[in-house]
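One file, coords-v4.cif, is given below (mmCIF, C-alpha atoms and all ligand atoms).
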data_entry
loop_
_atom_site.label_atom_id
_atom_site.label_comp_id
_atom_site.auth_asym_id
_atom_site.auth_seq_id
_atom_site.Cartn_x
_atom_site.Cartn_y
_atom_site.Cartn_z
CA MET E 9 105.70 64.59 164.29
CA LYS E 10 107.84 65.46 167.29
CA ASN E 11 109.37 68.94 167.09
CA ILE E 12 106.69 71.47 167.96
CA LEU E 13 107.21 75.25 167.93
CA VAL E 14 105.16 76.95 170.67
CA THR E 15 104.91 80.71 170.09
CA GLY E 16 104.20 82.46 173.39
CA GLY E 17 105.49 79.32 175.12
CA ALA E 18 106.79 81.32 178.11
CA GLY E 19 103.36 82.74 178.86
CA TYR E 20 100.56 81.51 181.12
CA ILE E 21 98.84 79.17 178.67
CA GLY E 22 101.96 78.49 176.56
CA SER E 23 103.98 77.22 179.52
CA HIS E 24 101.21 74.79 180.50
CA VAL E 25 101.07 73.57 176.88
CA VAL E 26 104.86 72.99 176.93
CA VAL E 27 104.52 70.79 180.04
CA GLU E 28 101.79 68.66 178.45
CA LEU E 29 103.75 68.36 175.17
CA ILE E 30 106.78 66.99 177.05
CA GLU E 31 104.57 64.60 179.00
CA ALA E 32 103.12 63.33 175.71
CA GLY E 33 106.60 62.71 174.24
CA TYR E 34 106.90 65.77 172.00
CA HIS E 35 109.94 68.05 171.78
CA PRO E 36 108.67 71.63 172.28
CA VAL E 37 110.70 74.63 171.11
CA ILE E 38 109.61 77.97 172.60
CA LEU E 39 109.55 81.21 170.61
CA ASP E 40 108.74 84.19 172.82
CA ASN E 41 109.68 87.89 172.81
CA PHE E 42 108.89 88.15 176.54
CA SER E 43 106.76 91.25 175.94
CA THR E 44 104.01 89.91 178.17
CA SER E 45 105.82 87.02 179.89
CA GLU E 46 108.86 86.49 182.12
CA LYS E 47 112.09 84.78 181.04
CA SER E 48 112.08 83.15 184.49
CA SER E 49 109.25 81.02 183.14
CA ILE E 50 111.87 79.01 181.20
CA ASP E 51 113.75 78.17 184.42
CA ARG E 52 110.48 77.19 186.08
CA LEU E 53 109.66 74.89 183.17
CA GLU E 54 113.10 73.23 183.33
CA HIS E 55 112.72 72.75 187.07
CA LEU E 56 109.21 71.31 186.71
CA THR E 57 109.93 69.00 183.74
CA GLY E 58 113.56 68.14 184.56
CA GLN E 59 114.35 68.78 180.90
CA HIS E 60 116.39 71.38 179.03
CA ILE E 61 113.94 73.72 177.30
CA VAL E 62 115.04 75.07 173.90
CA TYR E 63 113.86 78.63 173.45
CA TYR E 64 114.39 81.58 171.12
CA GLU E 65 113.90 85.16 172.31
CA ALA E 66 112.38 86.49 169.11
CA ASP E 67 109.25 87.95 167.58
CA TYR E 68 107.22 85.55 165.47
CA ARG E 69 106.65 88.44 163.02
CA ASP E 70 110.36 88.32 162.08
CA HIS E 71 110.10 86.26 158.90
CA LYS E 72 113.84 85.62 158.52
CA MET E 73 114.30 84.56 162.15
CA LEU E 74 111.22 82.33 162.01
CA GLN E 75 112.42 80.72 158.78
CA GLN E 76 115.77 79.87 160.41
CA ILE E 77 114.16 78.46 163.55
CA LEU E 78 111.80 76.22 161.53
CA ARG E 79 114.79 74.91 159.56
CA ILE E 80 117.33 74.54 162.39
CA GLU E 81 114.85 72.88 164.77
CA ARG E 82 113.27 70.76 162.02
CA ILE E 83 109.82 71.89 163.18
CA ASP E 84 106.94 69.52 162.25
CA GLY E 85 104.10 71.47 163.87
CA ILE E 86 103.35 74.91 165.28
CA ILE E 87 101.12 75.81 168.23
CA HIS E 88 100.55 79.55 167.86
CA ILE E 89 99.61 81.12 171.19
CA ALA E 90 101.53 84.42 171.14
CA ALA E 91 99.10 87.36 170.83
CA TYR E 92 97.86 90.43 172.66
CA LYS E 93 94.70 89.57 174.59
CA ALA E 94 93.56 92.51 176.70
CA VAL E 95 90.04 93.38 175.53
CA GLY E 96 90.11 96.95 176.92
CA GLU E 97 93.51 97.69 175.37
CA SER E 98 92.27 96.37 172.02
CA VAL E 99 89.47 98.97 172.06
CA ALA E 100 91.95 101.77 172.85
CA GLU E 101 94.62 100.57 170.37
CA PRO E 102 92.93 98.48 167.66
CA LEU E 103 95.76 98.77 165.08
CA LYS E 104 98.25 97.41 167.65
CA TYR E 105 96.04 94.32 167.86
CA TYR E 106 95.52 93.94 164.11
CA GLN E 107 99.24 94.44 163.46
CA ASN E 108 100.35 91.87 166.03
CA ASN E 109 97.54 89.34 166.10
CA VAL E 110 96.46 89.39 162.43
CA ALA E 111 99.40 90.64 160.32
CA GLY E 112 101.77 88.70 162.57
CA PHE E 113 99.80 85.50 162.08
CA MET E 114 99.76 86.12 158.32
CA THR E 115 103.58 86.21 158.33
CA LEU E 116 103.76 83.09 160.45
CA LEU E 117 101.34 81.19 158.19
CA GLU E 118 103.20 82.19 155.01
CA THR E 119 106.56 81.24 156.54
CA ALA E 120 105.21 77.92 157.83
CA ILE E 121 103.71 76.99 154.44
CA ASP E 122 106.94 77.95 152.63
CA ALA E 123 108.93 75.83 155.09
CA GLY E 124 106.66 72.84 154.55
CA VAL E 125 105.25 72.80 158.11
CA HIS E 126 101.92 71.07 157.65
CA ASN E 127 100.45 71.09 161.18
CA ILE E 128 99.15 74.26 162.77
CA VAL E 129 97.20 74.63 166.03
CA PHE E 130 95.87 78.16 166.54
CA SER E 131 94.89 79.73 169.88
CA SER E 132 91.53 81.32 169.12
CA SER E 133 88.95 82.58 171.59
CA ALA E 134 85.28 82.47 172.51
CA ALA E 135 85.55 86.25 172.16
CA VAL E 136 84.86 85.66 168.43
CA TYR E 137 81.21 84.97 169.34
CA GLY E 138 80.72 88.40 170.93
CA ASN E 139 77.37 88.51 172.73
CA PRO E 140 75.77 85.28 171.44
CA PRO E 141 71.94 85.18 171.35
CA THR E 142 71.98 81.74 172.97
CA ALA E 143 74.03 81.11 176.11
CA GLN E 144 75.19 77.62 175.03
CA VAL E 145 77.60 78.13 172.16
CA THR E 146 78.55 75.58 169.51
CA GLU E 147 81.23 76.06 166.83
CA ASP E 148 78.43 76.86 164.32
CA GLU E 149 77.37 79.94 166.29
CA ALA E 150 77.58 83.14 164.23
CA CYS E 151 80.70 85.18 165.03
CA ASN E 152 80.01 88.82 165.88
CA PRO E 153 82.95 89.94 168.01
CA GLU E 154 82.37 92.92 170.31
CA ASN E 155 85.92 94.27 170.29
CA PRO E 156 89.10 94.41 168.16
CA TYR E 157 90.63 91.57 170.20
CA GLY E 158 87.72 89.30 169.27
CA TRP E 159 87.83 90.51 165.66
CA SER E 160 91.57 89.81 165.47
CA LYS E 161 90.99 86.20 166.54
CA PHE E 162 88.08 85.81 164.13
CA MET E 163 90.17 87.17 161.23
CA CYS E 164 92.84 84.55 162.00
CA ASP E 165 90.19 81.81 161.93
CA VAL E 166 89.08 83.12 158.52
CA MET E 167 92.70 83.09 157.27
CA LEU E 168 93.03 79.45 158.34
CA ARG E 169 89.77 78.59 156.57
CA ASP E 170 90.78 80.32 153.34
CA THR E 171 94.38 79.03 153.43
CA HIS E 172 92.95 75.54 153.61
CA LYS E 173 91.20 75.94 150.26
CA ALA E 174 94.49 76.93 148.61
CA ASN E 175 96.62 74.38 150.50
CA PRO E 176 94.37 71.36 151.11
CA HIS E 177 97.32 69.26 152.37
CA LEU E 178 97.71 71.49 155.43
CA LYS E 179 96.28 70.26 158.75
CA LYS E 180 94.96 73.12 160.84
CA THR E 181 93.02 73.32 164.09
CA SER E 182 91.57 76.42 165.74
CA LEU E 183 90.91 76.09 169.47
CA ARG E 184 88.41 78.62 170.82
CA TYR E 185 89.24 79.10 174.48
CA PHE E 186 86.51 80.02 176.91
CA ASN E 187 87.59 81.58 180.22
CA VAL E 188 90.93 80.06 181.18
CA VAL E 189 91.66 79.75 184.91
CA GLY E 190 93.88 78.00 187.44
CA SER E 191 97.49 76.85 187.58
CA HIS E 192 99.49 73.62 187.34
CA GLY E 193 99.00 71.29 190.31
CA SER E 194 102.70 71.56 191.19
CA TYR E 195 102.17 75.30 191.81
CA LYS E 196 105.50 75.78 189.97
CA ILE E 197 103.98 77.57 186.96
CA GLY E 198 100.94 79.78 186.74
CA GLU E 199 99.51 83.10 185.69
CA SER E 200 101.77 86.09 186.39
CA PRO E 201 100.20 88.93 184.45
CA LYS E 202 102.71 91.70 183.66
CA GLY E 203 100.97 94.79 185.05
CA ALA E 204 97.39 94.80 186.33
CA PRO E 205 95.47 91.49 185.99
CA GLN E 206 92.82 91.59 183.27
CA ASN E 207 90.55 88.68 184.18
CA LEU E 208 88.29 87.75 187.06
CA LEU E 209 90.25 85.04 188.89
CA PRO E 210 93.63 86.84 188.99
CA ILE E 211 91.70 89.97 190.07
CA ILE E 212 90.19 87.98 192.96
CA VAL E 213 93.67 86.70 193.90
CA ARG E 214 95.01 90.27 193.95
CA ALA E 215 92.01 91.50 196.01
CA VAL E 216 92.65 88.85 198.68
CA LYS E 217 96.44 89.35 198.61
CA GLU E 218 96.18 93.14 198.96
CA ASN E 219 92.96 93.05 201.01
CA LYS E 220 91.51 95.63 198.62
CA PRO E 221 87.93 95.07 197.40
CA PHE E 222 87.38 94.61 193.68
CA GLN E 223 84.19 95.52 191.82
CA VAL E 224 81.67 92.90 190.79
CA PHE E 225 80.40 94.35 187.52
CA GLY E 226 76.68 94.23 188.25
CA ASP E 227 74.40 91.91 190.20
CA ASP E 228 71.17 92.84 188.45
CA TYR E 229 71.40 90.49 185.48
CA ASP E 230 68.68 87.96 184.68
CA THR E 231 70.60 85.03 186.21
CA HIS E 232 70.05 82.92 189.36
CA ASP E 233 72.17 85.23 191.49
CA GLY E 234 72.17 88.37 189.34
CA THR E 235 75.81 88.06 188.21
CA CYS E 236 77.15 87.04 184.80
CA LEU E 237 77.77 83.41 183.85
CA ARG E 238 80.92 82.17 182.12
CA ASP E 239 82.58 78.84 181.25
CA TYR E 240 85.75 78.69 183.37
CA ILE E 241 88.10 76.02 181.97
CA HIS E 242 91.20 74.89 183.87
CA VAL E 243 94.45 75.74 182.06
CA VAL E 244 95.77 72.15 182.39
CA ASP E 245 92.66 70.79 180.66
CA LEU E 246 93.09 73.45 177.99
CA ALA E 247 96.76 72.51 177.51
CA LYS E 248 95.87 68.83 177.11
CA ALA E 249 93.44 69.76 174.34
CA HIS E 250 96.40 71.13 172.32
CA VAL E 251 98.13 67.74 172.57
CA ALA E 252 94.90 65.99 171.59
CA ALA E 253 94.64 68.25 168.53
CA LEU E 254 98.20 67.36 167.42
CA GLN E 255 97.53 63.66 167.95
CA LYS E 256 94.37 63.85 165.85
CA MET E 257 96.20 65.60 163.02
CA GLU E 258 99.02 63.03 163.18
CA LYS E 259 96.54 60.25 162.52
CA GLN E 260 94.98 62.01 159.54
CA GLU E 261 96.00 61.20 155.97
CA ASN E 262 94.64 64.36 154.37
CA GLY E 263 94.62 68.02 155.19
CA SER E 264 91.90 69.52 157.35
CA PHE E 265 90.65 72.63 159.08
CA GLU E 266 88.59 72.17 162.23
CA ILE E 267 87.39 74.51 164.96
CA TYR E 268 86.76 73.37 168.55
CA ASN E 269 85.16 75.18 171.48
CA LEU E 270 87.22 74.45 174.59
CA GLY E 271 85.09 74.77 177.70
CA THR E 272 83.55 72.63 180.43
CA GLY E 273 79.96 73.13 179.23
CA THR E 274 79.05 74.22 182.76
CA PRO E 275 78.34 77.91 183.56
CA THR E 276 79.60 79.52 186.77
CA SER E 277 78.56 82.96 188.05
CA VAL E 278 80.88 85.61 189.43
CA LEU E 279 79.44 85.18 192.94
CA GLU E 280 79.76 81.38 192.70
CA LEU E 281 83.46 81.77 191.79
CA ILE E 282 83.96 84.10 194.76
CA LYS E 283 82.20 81.68 197.13
CA ALA E 284 84.23 78.72 195.84
CA PHE E 285 87.45 80.71 196.33
CA GLU E 286 86.49 81.54 199.93
CA LYS E 287 85.40 78.00 200.80
CA VAL E 288 88.36 76.17 199.26
CA ASN E 289 91.06 78.58 200.47
CA GLY E 290 89.54 79.57 203.83
CA VAL E 291 89.81 83.29 203.05
CA LYS E 292 87.37 86.18 202.65
CA VAL E 293 87.25 87.80 199.23
CA PRO E 294 86.81 91.60 199.54
CA TYR E 295 84.43 92.92 196.88
CA GLU E 296 81.80 95.55 196.22
CA ILE E 297 78.89 95.47 193.80
CA GLY E 298 79.52 98.06 191.09
CA PRO E 299 77.87 99.03 187.82
CA ARG E 300 77.70 96.69 184.85
CA ARG E 301 80.70 96.65 182.46
CA ALA E 302 79.76 97.73 178.93
CA GLY E 303 79.79 94.87 176.44
CA ASP E 304 79.58 92.08 179.02
CA PRO E 305 77.42 89.22 177.74
CA VAL E 306 75.04 88.02 180.48
CA SER E 307 75.90 84.41 179.95
CA TYR E 308 77.79 82.21 177.55
CA PHE E 309 79.37 78.83 177.86
CA ALA E 310 80.66 76.11 175.54
CA VAL E 311 78.96 73.09 174.04
CA PRO E 312 82.12 70.89 174.19
CA GLU E 313 80.62 67.85 172.42
CA LYS E 314 82.60 68.26 169.19
CA ALA E 315 85.95 68.31 171.05
CA ILE E 316 84.84 65.35 173.17
CA ARG E 317 83.80 63.37 170.11
CA GLU E 318 86.60 64.26 167.70
CA LEU E 319 89.56 64.96 170.01
CA GLY E 320 88.74 62.40 172.67
CA TRP E 321 89.26 65.27 175.10
CA GLN E 322 87.12 66.48 178.00
CA ALA E 323 87.72 68.97 180.80
CA LYS E 324 88.32 67.10 184.07
CA HIS E 325 89.39 69.77 186.56
CA THR E 326 86.79 71.50 188.73
CA ILE E 327 86.21 75.10 189.73
CA GLU E 328 87.57 74.09 193.14
CA ASP E 329 90.81 72.90 191.47
CA ALA E 330 91.05 76.27 189.69
CA VAL E 331 90.53 78.48 192.74
CA ARG E 332 92.80 76.30 194.88
CA SER E 333 95.68 76.24 192.39
CA SER E 334 95.39 79.97 191.65
CA TRP E 335 95.73 80.81 195.32
CA GLN E 336 98.45 78.23 196.03
CA TRP E 337 100.44 79.51 193.03
CA GLN E 338 100.16 83.03 194.46
CA LEU E 339 101.32 81.84 197.90
CA ALA E 340 104.22 79.93 196.32
CA GLN E 341 105.49 83.19 194.76
CA SER E 342 105.25 85.36 197.86
C1 LIG Y 401 84.61 87.39 183.57
C2 LIG Y 401 83.40 87.81 184.39
C3 LIG Y 401 82.89 90.17 184.29
C4 LIG Y 401 86.49 91.54 186.36
C5 LIG Y 401 87.59 87.83 178.46
C6 LIG Y 401 87.83 88.10 176.99
C7 LIG Y 401 88.97 87.36 176.49
C8 LIG Y 401 88.99 85.91 176.90
C9 LIG Y 401 88.34 85.62 178.25
C10 LIG Y 401 91.07 85.16 175.94
C11 LIG Y 401 82.53 88.83 183.66
C12 LIG Y 401 83.28 89.75 185.71
C13 LIG Y 401 85.54 90.71 185.78
C14 LIG Y 401 86.15 92.33 187.50
C15 LIG Y 401 83.94 91.40 187.43
N1 LIG Y 401 90.37 85.54 177.03
N2 LIG Y 401 84.29 90.65 186.31
N3 LIG Y 401 84.87 92.22 187.99
O1 LIG Y 401 85.17 89.31 179.79
O2 LIG Y 401 84.33 86.92 180.16
O3 LIG Y 401 86.28 87.33 178.67
O4 LIG Y 401 88.44 86.83 178.97
O5 LIG Y 401 90.68 84.88 174.88
O6 LIG Y 401 90.10 88.02 177.05
O7 LIG Y 401 86.75 87.68 176.21
O8 LIG Y 401 86.51 87.65 181.14
O9 LIG Y 401 87.59 87.72 183.34
O10 LIG Y 401 87.09 89.93 182.16
O11 LIG Y 401 85.23 88.59 183.11
O12 LIG Y 401 82.78 91.32 187.90
O13 LIG Y 401 86.97 93.11 188.06
O14 LIG Y 401 83.85 88.47 185.58
O15 LIG Y 401 81.79 91.06 184.33
O16 LIG Y 401 81.18 88.54 183.97
P1 LIG Y 401 85.46 87.87 179.95
P2 LIG Y 401 86.69 88.53 182.46
#
Hey, can you dump this file as structure tokens for me?
Amino acid sequence: MKNILVTGGAGYIGSHVVVELIEAGYHPVILDNFSTSEKSSIDRLEHLTGQHIVYYEADYRDHKMLQQILRIERIDGIIHIAAYKAVGESVAEPLKYYQNNVAGFMTLLETAIDAGVHNIVFSSSAAVYGNPPTAQVTEDEACNPENPYGWSKFMCDVMLRDTHKANPHLKKTSLRYFNVVGSHGSYKIGESPKGAPQNLLPIIVRAVKENKPFQVFGDDYDTHDGTCLRDYIHVVDLAKAHVAALQKMEKQENGSFEIYNLGTGTPTSVLELIKAFEKVNGVKVPYEIGPRRAGDPVSYFAVPEKAIRELGWQAKHTIEDAVRSSWQWQLAQS
């Protein structure tokens, strides 16, 4: 298996996956409609890898176009990352999320099966767990998403599960991302959110860059420092897990469907992330303590043992690596 289609391959996570695929000897083909990513990402990838990057500016929901790409590029496997992922937007526009993330994935799955592509890696999310009763989350945790974004990812996991029963020869892996942070150590690719950043670390970067305080959503939680705990996983570790998933499926004789939580297994609080950012980068992070954000779980983080055992993968980068690379990537762009 060598030719791998990466939908959303020009985006933050997708571009890091493309780098790791090339390093592992695969031939990635990017499919991206650049709705939430920049075309300049392709140039950055070519500069970083020294290789020509094949890409198609298209929407994965376009059945005919997808069918042609799978045939022309002789695609053996698909890593499906393209999706909308802004939690707040999903609450305001749920049908936009179900149309793109769920119906779109349905089209992609049908097209892939028709084209005889037997290896699928799906970008799922810890958001499927919602507000889990226990902070440490295994793949067996009940899924009760708190928002349409989380539901859209859970519905895709269910489609993979049920497709497996009808097509037992298919090999499918769902990777449930915890909180993805950081940038490639070359500082040549990284997170460049179109519009306002949605997640904590890029919000911290913007606060320091613009010297405008951001709001810490509550410091009165029942945690060691009063702020929420999350499992922040470095994007390069996350990208390597996608390669590990492909390599596992390559070795398998029969079809499969497996789900893996991708996290470090170590919780970090909001204030701890701020302090690490200040210490590593020698800057002051401007922030104010504000009210809690509705729907925020107090604490959840991954139990990564299944991925460690079955994928031979483990997160290696530290929080310090994440805050350093995020800031250096920002400086490299200014
Ligand atoms: C992290 C922590 C906030 C912003 C989301 C979604 C989903 C998933 C991961 C893809 C929380 C606090 C944040 C701010 C703050 N991604 N915070 N001030 O909500 O854990 O998860 O991202 O699948 O998109 O589930 O991430 O970065 O929004 O928040 O205090 O301005 O930072 O309260 O504790 P979240 P987040």
Near Ser333 in chain E, counting only C-alpha atoms, which residues have an atom at most 9 Å away, once you skip same-chain residues fewer than 4 positions from it, shown as an MDAnalysis selection string?
chainID E and resid 190:195 198 328:329 337:338
Print the selection's residues with C-alpha atoms to a file, as a tab-separated table (two decimals), in the frame of the given file.
chain	number	residue	atom	x	y	z
E	190	GLY	CA	93.88	78.00	187.44
E	191	SER	CA	97.49	76.85	187.58
E	192	HIS	CA	99.49	73.62	187.34
E	193	GLY	CA	99.00	71.29	190.31
E	194	SER	CA	102.70	71.56	191.19
E	195	TYR	CA	102.17	75.30	191.81
E	198	GLY	CA	100.94	79.78	186.74
E	328	GLU	CA	87.57	74.09	193.14
E	329	ASP	CA	90.81	72.90	191.47
E	337	TRP	CA	100.44	79.51	193.03
E	338	GLN	CA	100.16	83.03	194.46
All residues 8 Å or closer to range 38-41 of chain E, all atoms listed in the file, same chain fewer than 6 positions away omitted, as number ranges by chain
E: 13-18, 61-68, 90
Between CA of Val129 in chain E and CA of Val27 in chain E - distance in Å to one decimal
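Taking CA of Val27 in chain E as the start and CA of Val129 in chain E as the end point, the length is 16.3 Å.
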Residues up to 7 Å from ligand LIG 401 (chain Y), counting all atoms listed in the file: could you list those as a PyMOL selection string?
chain E and resi 93-95+132-135+185-188+206-209+211+222-226+235-238+278+300-301+304
With 6 Å added on each side, what axis-aligned box encloses every listed atom of range 52-57 of chain E? Give the centre and edge lengths in Å to one decimal, as AutoDock Vina command-line options.
--center_x 111.2 --center_y 73.1 --center_z 185.1 --size_x 15.9 --size_y 20.2 --size_z 15.9
Take CA of His242 in chain E and CA of Lys324 in chain E and report the distance between them in Å, one decimal.
8.3 Å
Could you check which of E:Tyr268, E:Tyr295, E:Phe285, E:Phe113 is closest to Val145 in chain E, using all atoms listed in the file?
E:Tyr268
Within 10 Å of Tyr240 in chain E, counting only C-alpha atoms, which residues show up once you throw out same-chain ones fewer than 4 positions away? Write them as a PyMOL selection string, please.
chain E and resi 185-190+209+270-277+281+309-310+326-327+330
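Counting only C-alpha atoms, the residue from E:Gln255, E:Ile241, E:Thr115, E:Gly158 that sits nearest to Ser98 in chain E is E:Gly158.
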Which residue out of E:Thr181, E:Ser307, E:Ser160, E:Asn127 has the minimum interatomic distance to His232 in chain E when all atoms listed in the file are used?
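With all atoms listed in the file as the atom set, the closest residue is E:Ser307.
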Nearest-residue call for Met73 in chain E, choices E:Thr231, E:Ser48, E:Thr119, E:Asn269, using only C-alpha atoms:
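Using only C-alpha atoms, Met73 in chain E sits closest to E:Thr119.
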Need to verify the contact set: Asn155 in chain E, 10 Å, all atoms listed in the file, exclusion of same-chain residues closer than 6 positions in sequence. Can you return it as a PDB file with C-alpha atoms, in the frame of the given file?
ATOM      1  CA  VAL E  95      90.040  93.380 175.530  1.00  0.00           C
ATOM      2  CA  GLY E  96      90.110  96.950 176.920  1.00  0.00           C
ATOM      3  CA  GLU E  97      93.510  97.690 175.370  1.00  0.00           C
ATOM      4  CA  SER E  98      92.270  96.370 172.020  1.00  0.00           C
ATOM      5  CA  VAL E  99      89.470  98.970 172.060  1.00  0.00           C
ATOM      6  CA  ALA E 100      91.950 101.770 172.850  1.00  0.00           C
ATOM      7  CA  PRO E 102      92.930  98.480 167.660  1.00  0.00           C
ATOM      8  CA  ALA E 135      85.550  86.250 172.160  1.00  0.00           C
ATOM      9  CA  VAL E 136      84.860  85.660 168.430  1.00  0.00           C
ATOM     10  CA  GLY E 138      80.720  88.400 170.930  1.00  0.00           C
ATOM     11  CA  GLY E 303      79.790  94.870 176.440  1.00  0.00           C
TER      12      GLY E 303
END
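If you look at CA of His172 in chain E and CA of Ala120 in chain E, they are 13.2 Å away from each other.
In this comparison, which uses only C-alpha atoms, the residue of E:Leu246, E:Ala284, E:Met9, E:Val25 approaching Leu183 in chain E most closely is E:Leu246.
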Around the point (94.8, 70.9, 173.4), in the coordinates given by the file, pick out the residues reaching within 9 Å, counting only C-alpha atoms, and return them as a list in words.
Val25, Glu28, Val129, Leu183, Asp245, Leu246, Ala247, Lys248, Ala249, His250, Val251, Ala252, Ala253, Leu254, Leu270, Leu319 and Trp321 of chain E
Can you rebuild range 12-26 of chain E with N, CA, C and O atoms and give it as an mmCIF file, keeping the file's coordinate frame?
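part_25.cif, written as the output of this step:
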data_model
loop_
_atom_site.group_PDB
_atom_site.id
_atom_site.type_symbol
_atom_site.label_atom_id
_atom_site.label_comp_id
_atom_site.auth_asym_id
_atom_site.auth_seq_id
_atom_site.Cartn_x
_atom_site.Cartn_y
_atom_site.Cartn_z
ATOM 1 N N ILE E 12 107.838 70.555 168.005
ATOM 2 C CA ILE E 12 106.690 71.470 167.960
ATOM 3 C C ILE E 12 107.115 72.863 168.408
ATOM 4 O O ILE E 12 107.612 73.027 169.542
ATOM 5 N N LEU E 13 106.922 73.863 167.547
ATOM 6 C CA LEU E 13 107.210 75.250 167.930
ATOM 7 C C LEU E 13 106.005 75.799 168.670
ATOM 8 O O LEU E 13 104.880 75.711 168.186
ATOM 9 N N VAL E 14 106.242 76.339 169.887
ATOM 10 C CA VAL E 14 105.160 76.950 170.670
ATOM 11 C C VAL E 14 105.432 78.447 170.769
ATOM 12 O O VAL E 14 106.318 78.882 171.524
ATOM 13 N N THR E 15 104.699 79.251 169.979
ATOM 14 C CA THR E 15 104.910 80.710 170.090
ATOM 15 C C THR E 15 104.173 81.160 171.354
ATOM 16 O O THR E 15 103.085 80.672 171.642
ATOM 17 N N GLY E 16 104.785 82.061 172.106
ATOM 18 C CA GLY E 16 104.200 82.460 173.390
ATOM 19 C C GLY E 16 104.362 81.366 174.437
ATOM 20 O O GLY E 16 103.638 81.341 175.432
ATOM 21 N N GLY E 17 105.298 80.485 174.241
ATOM 22 C CA GLY E 17 105.490 79.320 175.120
ATOM 23 C C GLY E 17 105.960 79.667 176.521
ATOM 24 O O GLY E 17 105.939 78.820 177.412
ATOM 25 N N ALA E 18 106.366 80.914 176.753
ATOM 26 C CA ALA E 18 106.790 81.320 178.110
ATOM 27 C C ALA E 18 105.633 81.957 178.875
ATOM 28 O O ALA E 18 105.773 82.297 180.050
ATOM 29 N N GLY E 19 104.514 82.079 178.231
ATOM 30 C CA GLY E 19 103.360 82.740 178.860
ATOM 31 C C GLY E 19 102.529 81.780 179.696
ATOM 32 O O GLY E 19 102.873 80.607 179.867
ATOM 33 N N TYR E 20 101.428 82.299 180.215
ATOM 34 C CA TYR E 20 100.560 81.510 181.120
ATOM 35 C C TYR E 20 100.079 80.231 180.437
ATOM 36 O O TYR E 20 100.366 79.123 180.895
ATOM 37 N N ILE E 21 99.381 80.360 179.330
ATOM 38 C CA ILE E 21 98.840 79.170 178.670
ATOM 39 C C ILE E 21 99.966 78.397 177.970
ATOM 40 O O ILE E 21 100.066 77.173 178.087
ATOM 41 N N GLY E 22 100.866 79.137 177.304
ATOM 42 C CA GLY E 22 101.960 78.490 176.560
ATOM 43 C C GLY E 22 102.804 77.590 177.437
ATOM 44 O O GLY E 22 103.161 76.476 177.038
ATOM 45 N N SER E 23 103.114 78.031 178.645
ATOM 46 C CA SER E 23 103.980 77.220 179.520
ATOM 47 C C SER E 23 103.269 75.925 179.938
ATOM 48 O O SER E 23 103.882 74.856 180.010
ATOM 49 N N HIS E 24 101.960 76.013 180.149
ATOM 50 C CA HIS E 24 101.210 74.790 180.500
ATOM 51 C C HIS E 24 101.135 73.846 179.306
ATOM 52 O O HIS E 24 101.184 72.615 179.466
ATOM 53 N N VAL E 25 101.062 74.405 178.094
ATOM 54 C CA VAL E 25 101.070 73.570 176.880
ATOM 55 C C VAL E 25 102.422 72.873 176.741
ATOM 56 O O VAL E 25 102.489 71.669 176.443
ATOM 57 N N VAL E 26 103.505 73.588 177.023
ATOM 58 C CA VAL E 26 104.860 72.990 176.930
ATOM 59 C C VAL E 26 104.975 71.787 177.865
ATOM 60 O O VAL E 26 105.482 70.726 177.481
#
